[in-house]
Each structure stands twice: as structure tokens, then as C-alpha cells.
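As stored in protein-v5.cif (mmCIF, C-alpha atoms):
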```cif
data_my_file
loop_
_atom_site.group_PDB
_atom_site.id
_atom_site.type_symbol
_atom_site.label_atom_id
_atom_site.label_comp_id
_atom_site.auth_asym_id
_atom_site.auth_seq_id
_atom_site.Cartn_x
_atom_site.Cartn_y
_atom_site.Cartn_z
ATOM 1 C CA MET A 454 -12.951 -20.800 -57.619
ATOM 2 C CA LYS A 455 -13.053 -17.001 -57.850
ATOM 3 C CA PRO A 456 -16.537 -15.486 -57.288
ATOM 4 C CA PHE A 457 -16.936 -14.141 -60.824
ATOM 5 C CA LEU A 458 -15.864 -17.464 -62.333
ATOM 6 C CA LEU A 459 -18.319 -19.310 -60.118
ATOM 7 C CA ALA A 460 -21.101 -16.948 -61.174
ATOM 8 C CA LEU A 461 -20.203 -17.464 -64.836
ATOM 9 C CA ALA A 462 -20.223 -21.255 -64.411
ATOM 10 C CA LEU A 463 -23.590 -21.190 -62.669
ATOM 11 C CA ALA A 464 -25.029 -18.956 -65.356
ATOM 12 C CA ALA A 465 -23.787 -21.282 -68.085
ATOM 13 C CA ALA A 466 -25.026 -24.469 -66.410
ATOM 14 C CA PRO A 467 -28.678 -24.225 -67.522
ATOM 15 C CA ALA A 468 -27.631 -23.557 -71.105
ATOM 16 C CA LEU A 469 -25.283 -26.541 -71.079
ATOM 17 C CA ALA A 470 -27.976 -28.730 -69.548
ATOM 18 C CA LEU A 471 -30.382 -27.735 -72.303
ATOM 19 C CA ALA A 472 -27.858 -28.131 -75.136
ATOM 20 C CA ASP A 473 -29.174 -30.258 -77.973
ATOM 21 C CA PRO A 474 -27.206 -33.534 -78.004
ATOM 22 C CA LEU A 475 -28.283 -34.249 -81.607
ATOM 23 C CA PRO A 476 -28.222 -30.914 -83.452
ATOM 24 C CA SER A 477 -27.994 -32.501 -86.924
ATOM 25 C CA TRP A 478 -31.243 -34.401 -86.353
ATOM 26 C CA ASN A 479 -34.525 -32.723 -87.199
ATOM 27 C CA ASP A 480 -37.104 -32.484 -84.412
ATOM 28 C CA THR A 481 -38.996 -35.573 -85.518
ATOM 29 C CA ASN A 482 -40.141 -38.739 -83.782
ATOM 30 C CA ALA A 483 -36.791 -40.409 -84.493
ATOM 31 C CA LYS A 484 -34.831 -37.871 -82.470
ATOM 32 C CA ALA A 485 -37.429 -37.875 -79.698
ATOM 33 C CA ARG A 486 -37.330 -41.673 -79.427
ATOM 34 C CA ILE A 487 -33.547 -41.776 -79.208
ATOM 35 C CA ILE A 488 -33.372 -39.116 -76.514
ATOM 36 C CA SER A 489 -36.248 -40.681 -74.577
ATOM 37 C CA PHE A 490 -34.540 -44.070 -74.690
ATOM 38 C CA VAL A 491 -31.211 -42.694 -73.472
ATOM 39 C CA GLU A 492 -32.842 -40.686 -70.690
ATOM 40 C CA THR A 493 -34.843 -43.726 -69.590
ATOM 41 C CA VAL A 494 -31.916 -46.133 -69.327
ATOM 42 C CA THR A 495 -29.593 -43.612 -67.643
ATOM 43 C CA ASN A 496 -32.045 -42.319 -65.019
ATOM 44 C CA PRO A 497 -31.447 -44.156 -61.708
ATOM 45 C CA ASP A 498 -35.072 -43.538 -60.748
ATOM 46 C CA SER A 499 -36.389 -45.207 -63.894
ATOM 47 C CA PRO A 500 -37.677 -48.803 -63.706
ATOM 48 C CA ASP A 501 -35.708 -49.363 -66.930
ATOM 49 C CA TYR A 502 -32.437 -47.997 -65.554
ATOM 50 C CA VAL A 503 -29.372 -49.777 -66.942
ATOM 51 C CA THR A 504 -26.046 -49.738 -65.130
ATOM 52 C CA PRO A 505 -23.120 -48.265 -67.083
ATOM 53 C CA ALA A 506 -21.484 -51.680 -67.432
ATOM 54 C CA GLU A 507 -24.513 -52.924 -69.393
ATOM 55 C CA ARG A 508 -24.851 -49.866 -71.635
ATOM 56 C CA VAL A 509 -23.492 -51.459 -74.798
ATOM 57 C CA ALA A 510 -24.331 -50.017 -78.221
ATOM 58 C CA THR A 511 -23.298 -51.654 -81.494
ATOM 59 C CA PHE A 512 -23.172 -50.027 -84.923
ATOM 60 C CA ASP A 513 -22.759 -51.397 -88.388
ATOM 61 C CA ASN A 514 -20.279 -49.350 -90.443
ATOM 62 C CA ASP A 515 -21.055 -49.408 -94.177
ATOM 63 C CA GLY A 516 -24.244 -47.455 -94.832
ATOM 64 C CA THR A 517 -24.750 -46.806 -91.114
ATOM 65 C CA LEU A 518 -21.759 -44.712 -90.061
ATOM 66 C CA TRP A 519 -20.377 -43.864 -93.492
ATOM 67 C CA ALA A 520 -21.615 -44.124 -97.069
ATOM 68 C CA GLU A 521 -21.427 -47.324 -99.106
ATOM 69 C CA GLN A 522 -22.215 -46.316 -102.692
ATOM 70 C CA PRO A 523 -21.400 -47.044 -105.483
ATOM 71 C CA VAL A 524 -19.758 -50.041 -103.763
ATOM 72 C CA TYR A 525 -18.271 -50.697 -100.341
ATOM 73 C CA PHE A 526 -15.301 -48.413 -99.811
ATOM 74 C CA GLN A 527 -13.065 -51.301 -98.813
ATOM 75 C CA LEU A 528 -13.699 -52.846 -102.231
ATOM 76 C CA ILE A 529 -12.692 -49.563 -103.885
ATOM 77 C CA PHE A 530 -9.477 -49.695 -101.855
ATOM 78 C CA ALA A 531 -8.860 -53.273 -102.987
ATOM 79 C CA VAL A 532 -9.511 -52.413 -106.632
ATOM 80 C CA ASP A 533 -7.142 -49.446 -106.441
ATOM 81 C CA GLN A 534 -4.448 -51.667 -104.932
ATOM 82 C CA VAL A 535 -4.862 -54.334 -107.628
ATOM 83 C CA ALA A 536 -4.754 -51.649 -110.326
ATOM 84 C CA LYS A 537 -1.489 -50.388 -108.869
ATOM 85 C CA LEU A 538 -0.019 -53.894 -108.647
ATOM 86 C CA GLY A 539 -1.193 -54.724 -112.162
ATOM 87 C CA ALA A 540 0.407 -51.588 -113.606
ATOM 88 C CA ALA A 541 3.722 -52.612 -112.041
ATOM 89 C CA ASP A 542 3.445 -56.274 -113.079
ATOM 90 C CA PRO A 543 0.690 -57.169 -115.598
ATOM 91 C CA SER A 544 1.560 -60.856 -115.294
ATOM 92 C CA ILE A 545 -0.335 -61.054 -111.977
ATOM 93 C CA LEU A 546 -3.642 -60.324 -113.762
ATOM 94 C CA THR A 547 -4.435 -63.963 -114.411
ATOM 95 C CA THR A 548 -8.233 -64.001 -113.976
ATOM 96 C CA ASP A 549 -11.300 -62.104 -115.159
ATOM 97 C CA ALA A 550 -11.794 -60.648 -111.685
ATOM 98 C CA LEU A 551 -8.245 -59.339 -111.428
ATOM 99 C CA ARG A 552 -8.327 -57.923 -114.947
ATOM 100 C CA ALA A 553 -11.635 -56.200 -114.233
ATOM 101 C CA ALA A 554 -10.216 -54.743 -111.019
ATOM 102 C CA ALA A 555 -7.094 -53.505 -112.790
ATOM 103 C CA ALA A 556 -9.343 -51.772 -115.324
ATOM 104 C CA ARG A 557 -11.547 -50.443 -112.506
ATOM 105 C CA ASP A 558 -14.490 -52.023 -114.309
ATOM 106 C CA TYR A 559 -16.853 -52.582 -111.386
ATOM 107 C CA LYS A 560 -19.663 -53.937 -113.525
ATOM 108 C CA ALA A 561 -17.417 -56.687 -114.886
ATOM 109 C CA LEU A 562 -15.957 -57.308 -111.442
ATOM 110 C CA LEU A 563 -19.363 -57.684 -109.793
ATOM 111 C CA ALA A 564 -20.346 -60.094 -112.558
ATOM 112 C CA THR A 565 -17.615 -62.462 -111.334
ATOM 113 C CA GLY A 566 -19.624 -62.953 -108.141
ATOM 114 C CA LYS A 567 -18.537 -63.540 -104.587
ATOM 115 C CA ASP A 568 -15.540 -65.660 -105.600
ATOM 116 C CA GLY A 569 -14.236 -62.879 -107.833
ATOM 117 C CA LEU A 570 -14.602 -60.276 -105.112
ATOM 118 C CA ILE A 571 -12.791 -62.474 -102.615
ATOM 119 C CA GLU A 572 -10.021 -63.003 -105.151
ATOM 120 C CA VAL A 573 -9.538 -59.246 -105.524
ATOM 121 C CA LEU A 574 -9.587 -58.727 -101.759
ATOM 122 C CA ARG A 575 -7.058 -61.514 -101.341
ATOM 123 C CA ALA A 576 -4.755 -60.070 -104.002
ATOM 124 C CA SER A 577 -4.766 -56.663 -102.329
ATOM 125 C CA HIS A 578 -4.722 -57.743 -98.669
ATOM 126 C CA ALA A 579 -3.085 -61.125 -98.249
ATOM 127 C CA ASP A 580 0.374 -62.301 -97.241
ATOM 128 C CA MET A 581 1.664 -58.950 -96.092
ATOM 129 C CA PRO A 582 2.679 -57.691 -92.655
ATOM 130 C CA LEU A 583 -0.253 -56.150 -90.842
ATOM 131 C CA ASP A 584 1.689 -52.915 -90.312
ATOM 132 C CA ARG A 585 2.207 -52.583 -94.064
ATOM 133 C CA PHE A 586 -1.490 -53.196 -94.716
ATOM 134 C CA ARG A 587 -2.438 -50.522 -92.219
ATOM 135 C CA ALA A 588 0.014 -48.085 -93.806
ATOM 136 C CA ASP A 589 -1.466 -48.821 -97.247
ATOM 137 C CA VAL A 590 -5.002 -48.128 -95.967
ATOM 138 C CA ALA A 591 -3.934 -44.893 -94.284
ATOM 139 C CA ALA A 592 -2.164 -43.709 -97.457
ATOM 140 C CA TRP A 593 -5.201 -44.571 -99.577
ATOM 141 C CA LEU A 594 -7.571 -42.699 -97.264
ATOM 142 C CA ASN A 595 -5.305 -39.687 -97.527
ATOM 143 C CA GLU A 596 -5.089 -39.763 -101.314
ATOM 144 C CA ALA A 597 -8.261 -41.342 -102.731
ATOM 145 C CA ARG A 598 -11.424 -39.403 -103.530
ATOM 146 C CA HIS A 599 -15.006 -40.560 -104.034
ATOM 147 C CA PRO A 600 -15.952 -40.776 -107.750
ATOM 148 C CA THR A 601 -19.072 -38.605 -107.526
ATOM 149 C CA THR A 602 -18.655 -36.357 -104.468
ATOM 150 C CA GLY A 603 -14.912 -35.752 -104.761
ATOM 151 C CA MET A 604 -14.690 -36.110 -100.988
ATOM 152 C CA ARG A 605 -12.213 -38.139 -98.984
ATOM 153 C CA TYR A 606 -13.835 -41.432 -98.059
ATOM 154 C CA ASP A 607 -13.368 -40.789 -94.352
ATOM 155 C CA GLU A 608 -15.198 -37.466 -94.789
ATOM 156 C CA MET A 609 -18.287 -39.284 -96.048
ATOM 157 C CA VAL A 610 -19.335 -40.153 -92.531
ATOM 158 C CA TYR A 611 -22.769 -39.250 -91.257
ATOM 159 C CA GLN A 612 -22.771 -36.241 -88.951
ATOM 160 C CA PRO A 613 -26.014 -37.328 -87.204
ATOM 161 C CA MET A 614 -24.445 -40.694 -86.366
ATOM 162 C CA LEU A 615 -21.247 -39.061 -85.099
ATOM 163 C CA GLU A 616 -23.443 -37.039 -82.767
ATOM 164 C CA LEU A 617 -25.293 -40.147 -81.658
ATOM 165 C CA LEU A 618 -22.018 -41.939 -80.878
ATOM 166 C CA ARG A 619 -20.795 -38.968 -78.851
ATOM 167 C CA TYR A 620 -24.133 -38.567 -77.054
ATOM 168 C CA LEU A 621 -24.151 -42.219 -76.035
ATOM 169 C CA ARG A 622 -20.583 -42.106 -74.746
ATOM 170 C CA ASP A 623 -21.364 -38.929 -72.800
ATOM 171 C CA GLU A 624 -24.167 -40.899 -71.154
ATOM 172 C CA GLY A 625 -21.943 -43.804 -70.124
ATOM 173 C CA PHE A 626 -22.383 -46.131 -73.113
ATOM 174 C CA ALA A 627 -19.604 -48.178 -74.658
ATOM 175 C CA THR A 628 -19.885 -47.912 -78.450
ATOM 176 C CA TYR A 629 -18.732 -50.715 -80.750
ATOM 177 C CA ILE A 630 -18.521 -51.169 -84.496
ATOM 178 C CA VAL A 631 -19.879 -54.533 -85.667
ATOM 179 C CA SER A 632 -19.309 -54.647 -89.406
ATOM 180 C CA GLY A 633 -19.216 -57.072 -92.289
ATOM 181 C CA GLY A 634 -16.184 -55.111 -93.467
ATOM 182 C CA GLY A 635 -12.640 -56.115 -92.654
ATOM 183 C CA VAL A 636 -11.738 -55.574 -89.020
ATOM 184 C CA GLN A 637 -8.166 -54.489 -89.764
ATOM 185 C CA PHE A 638 -9.327 -52.067 -92.467
ATOM 186 C CA ILE A 639 -11.779 -50.300 -90.134
ATOM 187 C CA ARG A 640 -9.339 -50.184 -87.227
ATOM 188 C CA VAL A 641 -7.064 -47.899 -89.218
ATOM 189 C CA PHE A 642 -9.506 -44.970 -88.998
ATOM 190 C CA ALA A 643 -12.115 -45.843 -86.352
ATOM 191 C CA GLN A 644 -10.433 -44.024 -83.474
ATOM 192 C CA GLU A 645 -9.817 -40.780 -85.353
ATOM 193 C CA VAL A 646 -13.102 -40.686 -87.274
ATOM 194 C CA TYR A 647 -15.591 -42.201 -84.800
ATOM 195 C CA GLY A 648 -13.825 -42.014 -81.457
ATOM 196 C CA ILE A 649 -14.022 -45.812 -81.276
ATOM 197 C CA PRO A 650 -10.752 -47.517 -80.293
ATOM 198 C CA PRO A 651 -9.501 -50.517 -82.295
ATOM 199 C CA GLU A 652 -10.333 -52.988 -79.542
ATOM 200 C CA GLN A 653 -13.997 -51.980 -79.903
ATOM 201 C CA VAL A 654 -14.134 -52.827 -83.602
ATOM 202 C CA ILE A 655 -15.560 -56.215 -84.600
ATOM 203 C CA GLY A 656 -15.482 -57.223 -88.248
ATOM 204 C CA SER A 657 -14.804 -59.918 -90.785
ATOM 205 C CA SER A 658 -11.292 -61.293 -90.741
ATOM 206 C CA THR A 659 -8.868 -63.503 -92.579
ATOM 207 C CA THR A 660 -6.451 -65.947 -91.082
ATOM 208 C CA SER A 661 -3.218 -64.464 -89.769
ATOM 209 C CA ARG A 662 0.103 -65.879 -88.737
ATOM 210 C CA TYR A 663 3.043 -64.916 -86.567
ATOM 211 C CA GLU A 664 6.453 -64.549 -88.156
ATOM 212 C CA VAL A 665 9.771 -62.978 -87.264
ATOM 213 C CA VAL A 666 10.610 -60.800 -90.264
ATOM 214 C CA ASP A 667 14.130 -59.330 -90.368
ATOM 215 C CA GLY A 668 14.360 -59.914 -86.642
ATOM 216 C CA VAL A 669 11.028 -58.197 -85.906
ATOM 217 C CA PRO A 670 8.093 -60.187 -84.486
ATOM 218 C CA THR A 671 5.283 -59.595 -86.982
ATOM 219 C CA ILE A 672 1.664 -60.503 -87.651
ATOM 220 C CA VAL A 673 1.158 -61.386 -91.328
ATOM 221 C CA LYS A 674 -2.297 -61.255 -92.895
ATOM 222 C CA GLY A 675 -3.320 -64.518 -94.537
ATOM 223 C CA GLY A 676 -5.559 -65.077 -97.523
ATOM 224 C CA ALA A 677 -8.236 -67.430 -96.202
ATOM 225 C CA LEU A 678 -11.460 -66.231 -94.589
ATOM 226 C CA PHE A 679 -11.475 -66.774 -90.844
ATOM 227 C CA PHE A 680 -14.738 -65.126 -89.717
ATOM 228 C CA VAL A 681 -17.551 -63.403 -91.624
ATOM 229 C CA ASP A 682 -19.191 -60.794 -89.414
ATOM 230 C CA ASP A 683 -22.465 -60.485 -91.275
ATOM 231 C CA LYS A 684 -26.065 -61.588 -90.690
ATOM 232 C CA GLU A 685 -26.004 -64.453 -88.149
ATOM 233 C CA GLY A 686 -22.302 -63.812 -87.661
ATOM 234 C CA LYS A 687 -22.918 -60.449 -86.024
ATOM 235 C CA PRO A 688 -24.521 -61.742 -82.789
ATOM 236 C CA VAL A 689 -21.848 -64.449 -82.667
ATOM 237 C CA GLY A 690 -19.109 -61.848 -83.037
ATOM 238 C CA ILE A 691 -20.718 -59.669 -80.384
ATOM 239 C CA MET A 692 -20.758 -62.443 -77.794
ATOM 240 C CA GLN A 693 -17.268 -63.645 -78.685
ATOM 241 C CA ASN A 694 -15.760 -60.185 -78.402
ATOM 242 C CA ILE A 695 -17.984 -58.255 -75.989
ATOM 243 C CA GLY A 696 -19.715 -60.930 -73.948
ATOM 244 C CA ARG A 697 -22.811 -58.786 -73.339
ATOM 245 C CA ARG A 698 -26.061 -58.410 -75.235
ATOM 246 C CA PRO A 699 -26.278 -54.793 -76.457
ATOM 247 C CA ILE A 700 -29.176 -52.585 -75.458
ATOM 248 C CA LEU A 701 -28.917 -50.522 -78.661
ATOM 249 C CA ALA A 702 -28.028 -51.698 -82.149
ATOM 250 C CA ALA A 703 -27.947 -49.664 -85.358
ATOM 251 C CA GLY A 704 -27.716 -50.863 -88.950
ATOM 252 C CA ASN A 705 -29.060 -50.096 -92.394
ATOM 253 C CA SER A 706 -29.594 -53.361 -94.270
ATOM 254 C CA ASP A 707 -30.860 -56.900 -93.927
ATOM 255 C CA GLY A 708 -27.286 -57.897 -93.148
ATOM 256 C CA ASP A 709 -27.892 -56.217 -89.783
ATOM 257 C CA PHE A 710 -31.241 -57.895 -89.111
ATOM 258 C CA GLN A 711 -29.937 -60.565 -86.744
ATOM 259 C CA MET A 712 -27.920 -58.028 -84.754
ATOM 260 C CA LEU A 713 -31.031 -55.939 -84.129
ATOM 261 C CA GLU A 714 -33.109 -59.049 -83.481
ATOM 262 C CA PHE A 715 -30.588 -60.307 -80.924
ATOM 263 C CA THR A 716 -30.315 -56.916 -79.244
ATOM 264 C CA THR A 717 -34.023 -56.230 -78.879
ATOM 265 C CA ALA A 718 -34.819 -59.764 -77.680
ATOM 266 C CA GLY A 719 -33.322 -58.974 -74.281
ATOM 267 C CA THR A 720 -35.281 -57.777 -71.260
ATOM 268 C CA GLY A 721 -35.761 -54.141 -70.328
ATOM 269 C CA ALA A 722 -35.609 -51.050 -72.507
ATOM 270 C CA ARG A 723 -33.897 -51.672 -75.855
ATOM 271 C CA LEU A 724 -33.610 -49.872 -79.148
ATOM 272 C CA GLY A 725 -33.097 -51.198 -82.668
ATOM 273 C CA LEU A 726 -32.360 -48.542 -85.280
ATOM 274 C CA LEU A 727 -32.179 -48.777 -89.078
ATOM 275 C CA VAL A 728 -30.880 -45.967 -91.278
ATOM 276 C CA HIS A 729 -33.144 -45.797 -94.337
ATOM 277 C CA HIS A 730 -31.417 -44.246 -97.355
ATOM 278 C CA THR A 731 -34.160 -42.023 -98.751
ATOM 279 C CA ASP A 732 -32.145 -38.932 -99.699
ATOM 280 C CA ALA A 733 -31.066 -38.976 -103.346
ATOM 281 C CA GLU A 734 -30.242 -35.263 -103.264
ATOM 282 C CA ARG A 735 -27.816 -35.176 -100.333
ATOM 283 C CA GLU A 736 -26.657 -38.799 -100.389
ATOM 284 C CA PHE A 737 -28.136 -41.816 -102.217
ATOM 285 C CA ALA A 738 -31.640 -43.298 -102.296
ATOM 286 C CA TYR A 739 -31.879 -47.102 -102.224
ATOM 287 C CA ASP A 740 -33.404 -49.905 -100.199
ATOM 288 C CA ARG A 741 -35.129 -52.951 -101.701
ATOM 289 C CA GLU A 742 -33.039 -53.589 -104.788
ATOM 290 C CA GLY A 743 -29.348 -53.336 -105.534
ATOM 291 C CA HIS A 744 -26.011 -54.984 -105.062
ATOM 292 C CA ILE A 745 -25.399 -53.618 -101.542
ATOM 293 C CA GLY A 746 -27.374 -52.158 -98.654
ATOM 294 C CA VAL A 747 -30.579 -54.028 -99.484
ATOM 295 C CA LEU A 748 -33.307 -53.407 -96.910
ATOM 296 C CA ASN A 749 -36.358 -55.628 -97.310
ATOM 297 C CA ARG A 750 -37.065 -57.692 -94.219
ATOM 298 C CA GLY A 751 -35.909 -54.965 -91.859
ATOM 299 C CA GLN A 752 -38.126 -52.418 -93.571
ATOM 300 C CA ASP A 753 -41.117 -54.760 -93.543
ATOM 301 C CA GLU A 754 -40.763 -55.851 -89.912
ATOM 302 C CA ALA A 755 -39.429 -52.711 -88.230
ATOM 303 C CA GLY A 756 -42.855 -51.504 -87.120
ATOM 304 C CA ALA A 757 -44.003 -54.792 -85.629
ATOM 305 C CA ARG A 758 -40.692 -55.254 -83.840
ATOM 306 C CA GLY A 759 -40.658 -51.710 -82.475
ATOM 307 C CA TRP A 760 -37.492 -50.783 -84.358
ATOM 308 C CA LEU A 761 -36.833 -47.180 -85.303
ATOM 309 C CA LEU A 762 -36.651 -46.666 -89.066
ATOM 310 C CA VAL A 763 -34.679 -43.453 -89.551
ATOM 311 C CA ASP A 764 -35.724 -41.605 -92.705
ATOM 312 C CA MET A 765 -32.530 -39.890 -93.830
ATOM 313 C CA ALA A 766 -34.342 -37.236 -95.882
ATOM 314 C CA ALA A 767 -36.882 -36.383 -93.185
ATOM 315 C CA ASP A 768 -34.989 -37.015 -89.944
ATOM 316 C CA TRP A 769 -31.533 -35.608 -90.716
ATOM 317 C CA PHE A 770 -30.909 -31.864 -90.864
ATOM 318 C CA ARG A 771 -27.399 -32.447 -92.211
ATOM 319 C CA VAL A 772 -25.798 -35.578 -93.702
ATOM 320 C CA PHE A 773 -22.024 -35.076 -93.896
ATOM 321 C CA PRO A 774 -19.871 -32.958 -91.543
ATOM 322 C CA GLY A 775 -19.506 -29.436 -92.851
ATOM 323 C CA ALA A 776 -21.918 -30.080 -95.733
ATOM 324 C CA PRO A 777 -24.876 -27.773 -96.468
ATOM 325 C CA GLN A 778 -28.128 -28.808 -94.837
#
```
As C-alpha cells, the full file:
Amino acid sequence: MKPFLLALALAAAPALALADPLPSWNDTNAKARIISFVETVTNPDSPDYVTPAERVATFDNDGTLWAEQPVYFQLIFAVDQVAKLGAADPSILTTDALRAAAARDYKALLATGKDGLIEVLRASHADMPLDRFRADVAAWLNEARHPTTGMRYDEMVYQPMLELLRYLRDEGFATYIVSGGGVQFIRVFAQEVYGIPPEQVIGSSTTSRYEVVDGVPTIVKGGALFFVDDKEGKPVGIMQNIGRRPILAAGNSDGDFQMLEFTTAGTGARLGLLVHHTDAEREFAYDREGHIGVLNRGQDEAGARGWLLVDMAADWFRVFPGAPQ
């Protein structure tokens, strides 16, 4: 290295070392706890040092990495697909759930209950080649806009959580998504949006089958539920797919409770984190009541369990990438 370049590098080194890894987090206890935890488990001289192979961090998706209001974004995708199918062939709209979806009447659709929602998901997802499904999701993400923000859905990701993912990976962590959402849906955008490759996405899934279609070996999505990656299913999915107990887990609702419970039950330094939606001005405020993202038990037990309850309004300097603070 030329002398002047070496001098420039040495001069820049202290600034780089002091760079804030979480610039979209306010200087509150939440940020301090996260940084302290990461420094503790990555310091070879620390009694709580964790080898890189064991540095596993798992994140819920809906409400933790991106927004989830007014309903889960995957459900909006499914409703849009059914509306498109129904416009082309109204004869397929044979049930209250499908008719509500075609009319984009979410209140009526939610009134049909879990069975109605599954029916809509099945109508929009099932019995199609996986490649076609992925292409449909990618096209929808490119075209669809959120009903109140006008943003692309994959722009409604949380900048503080993107920084946390990057910070952890810079410190030798492997970051995984563990979501109740559909695994194939999330895999379409996880690499580009979160830097998480498809093989590190765990989610709910339907049955699939292998077929040779027009001479091409193909995976076809089925219509029956195969695995539900929610609540007790999350630790099961983690051990089936990762085979290691995480040392950090992040969620936002009681659907993530068992994942945090499982993670923090291990020995050594561990961190459970819950995103608390307290910011009605920059995002949405909700917790104990509602049709999604309900946070009761986690909110009540976070303190006793040593979990970090992140107050979105107080702890986040910025919510969405590029958005005003």
C-alpha cells in the first residue's frame, strides 16, 4: 500500500470503529442493551463468548421486520389475486369468503373466520407451479401499493430492524426469518429486502408435489396445510430447519412467545426482543386488542423474563427507510 493511502486508512480506522451500528435507533436503553449483548457474545475474553457457529438469530416477519396493518400483506396479495381471477371468471366465486375477497371487503372476509381465510389463500396459491407463484408475488410487489401510505409493500420494512440484521451479520451471526407467513411468499423478497437468503427463511407451508410439466421437472404448490409456523410451531420449525437453539429472537406478538421462550431458556447470554407498536403517527399503534399482532402475554411477562420490549415511538429515530424521522 502506498504511504499516503496507508495514512488515510489509519486515520479513518478510529472513525470506522466508532461508527454507530444502529443509527436509526434513539440512544435509549433498548439500543444500549442490544449493543451490550452483541459485544458480550462476540468478545473472546468474555465469559459469555459465543462461537460464530452458535450465533443464531431468528426474526418474525409480519410486524417485526415489516408492517402488518390493516391485515397481513400476504392476505392482501391473496385477495388481489382472487379479485383478478373473479373478474376473469365470476363462476369461481362460489362462497361468501371468495365473494368478499373479490369485492375486497376485508370486514366480510374476516367474518368468515379461519376457514374463509384459508379458502382465499388456497384459491390464490394452490395447484400452480412454484415458479409461477413466485412470479405472481414478484409482479404484485412491483405493482401493488399500501391503501393508506401509498408505499410499495416491500418499502414498508423497518429501517431499525434492517440495521439490526446487518449489525448482527457483521458480527458473525446467521440471521433467519421464522414467520407464520407462507415460506414461499417470503422467499421471493427476503434476499433483496433483508439480505436473508431463501434457505434461511422458515415459514408456514402447504403440501407440494413433483410433476413433469411440458417436459420440465416442476414443483407444484398444493392446497392442504403442511406446517403452521406459529406459536408452538416456531421452536419446532427452528429445530427442524436450523438444528440450533438461537441466542437472539425477535418478534412482536403473542404468536412469537414460544420462540422467545425457547430461545431465552438456553444457557449463557441470550436476548428476547419484542417490537411494541406504539407509534400511531409514523406507523400504527396497537397491542392488546385486534385481529392481528395482539401482544398480551408477551407484554405482561417481558419484564420478568428479561425480554427487551422495544417502544417504537420512543426507541426508533426513523421507522421506514428514507422516511422522515
- request: Can you give me, as a PyMOL selection string, the residues this file yields under the PyMOL selection byres ((chain A and resi 504) around 12)?
  value: chain A and resi 493-503+505-509+624-627+700+721
Take the residues that were just selected and, keeping C-alpha atoms, output them as an mmCIF file, keeping the file's coordinate frame.
```cif
data_model
loop_
_atom_site.group_PDB
_atom_site.id
_atom_site.type_symbol
_atom_site.label_atom_id
_atom_site.label_comp_id
_atom_site.auth_asym_id
_atom_site.auth_seq_id
_atom_site.Cartn_x
_atom_site.Cartn_y
_atom_site.Cartn_z
ATOM 1 C CA THR A 493 -34.843 -43.726 -69.590
ATOM 2 C CA VAL A 494 -31.916 -46.133 -69.327
ATOM 3 C CA THR A 495 -29.593 -43.612 -67.643
ATOM 4 C CA ASN A 496 -32.045 -42.319 -65.019
ATOM 5 C CA PRO A 497 -31.447 -44.156 -61.708
ATOM 6 C CA ASP A 498 -35.072 -43.538 -60.748
ATOM 7 C CA SER A 499 -36.389 -45.207 -63.894
ATOM 8 C CA PRO A 500 -37.677 -48.803 -63.706
ATOM 9 C CA ASP A 501 -35.708 -49.363 -66.930
ATOM 10 C CA TYR A 502 -32.437 -47.997 -65.554
ATOM 11 C CA VAL A 503 -29.372 -49.777 -66.942
ATOM 12 C CA PRO A 505 -23.120 -48.265 -67.083
ATOM 13 C CA ALA A 506 -21.484 -51.680 -67.432
ATOM 14 C CA GLU A 507 -24.513 -52.924 -69.393
ATOM 15 C CA ARG A 508 -24.851 -49.866 -71.635
ATOM 16 C CA VAL A 509 -23.492 -51.459 -74.798
ATOM 17 C CA GLU A 624 -24.167 -40.899 -71.154
ATOM 18 C CA GLY A 625 -21.943 -43.804 -70.124
ATOM 19 C CA PHE A 626 -22.383 -46.131 -73.113
ATOM 20 C CA ALA A 627 -19.604 -48.178 -74.658
ATOM 21 C CA ILE A 700 -29.176 -52.585 -75.458
ATOM 22 C CA GLY A 721 -35.761 -54.141 -70.328
#
```
task: Name the residues that the PyMOL selection byres ((chain A and resi 682-694) around 7) pulls out of this structure, and write them as number ranges by chain.
output: A: 631-633, 655-657, 680-681, 695-697, 708-712, 715
message: Report, in Å with one decimal, the straight-line distance from atom CA of A:His744 to atom CA of A:Val535.
response: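 Between these atoms lies a distance of 21.3 Å.
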field: Result set, the PyMOL selection byres ((chain A and resi 672-678) around 6) on current file, as a list of chain:residue names
entry: A:Arg575, A:Ala579, A:Asp580, A:Met581, A:Pro582, A:Leu583, A:Thr659, A:Thr660, A:Ser661, A:Arg662, A:Tyr663, A:Thr671, A:Phe679, A:Phe680
Nearby residues (all atoms listed in the file) at most 8 Å from A:Thr517, same-chain spacing under 3 positions excluded, as a ChimeraX atom specification: /A:512-514,520,611,614,703-705,727-728
task: Give me, please, the distance in Å between atom CA of A:Gly648 and atom CA of A:Leu618, quoted to one decimal.
output: 8.2 Å
- request: Take atom CA of A:Asn479 and atom CA of A:Asp707 and report the distance between them in Å, one decimal.
  value: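 The value is 25.4 Å.
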Within 10 Å of stretch 770-776 of chain A, which residues of stretch 555-630 of chain A show up? Give each one with its shortest atom-to-atom distance in Å (one decimal) and the two atoms involved, counting all atoms listed in the file, rows by chain then rising residue number, as a Markdown table.
```
| residue | atom | partner | partner_atom | distance |
| --- | --- | --- | --- | --- |
| A:Glu608 | CA | A:Pro774 | CA | 7.3 |
| A:Met609 | CA | A:Phe773 | CA | 6.0 |
| A:Val610 | CA | A:Phe773 | CA | 5.9 |
| A:Tyr611 | CA | A:Phe773 | CA | 5.0 |
| A:Gln612 | CA | A:Pro774 | CA | 5.1 |
| A:Pro613 | CA | A:Val772 | CA | 6.7 |
| A:Met614 | CA | A:Val772 | CA | 9.0 |
| A:Leu615 | CA | A:Pro774 | CA | 9.0 |
```
message: Using only C-alpha atoms, which protein or nucleic acid residues come within 8 Å of A:Gln637? Drop anything in the same chain fewer than 3 positions from it, and give the result as a list in words.
response: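 The neighbour list is Arg587, Arg640, Val641, Gly656 and Ser658 of chain A.
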- prompt: Which neighbours of stretch 754-761 of chain A fall inside 7 Å, counting all atoms listed in the file, when residues of the same chain fewer than 4 positions from it are skipped, and could you give them as a PyMOL selection string?
  reply: chain A and resi 483+724-727+750
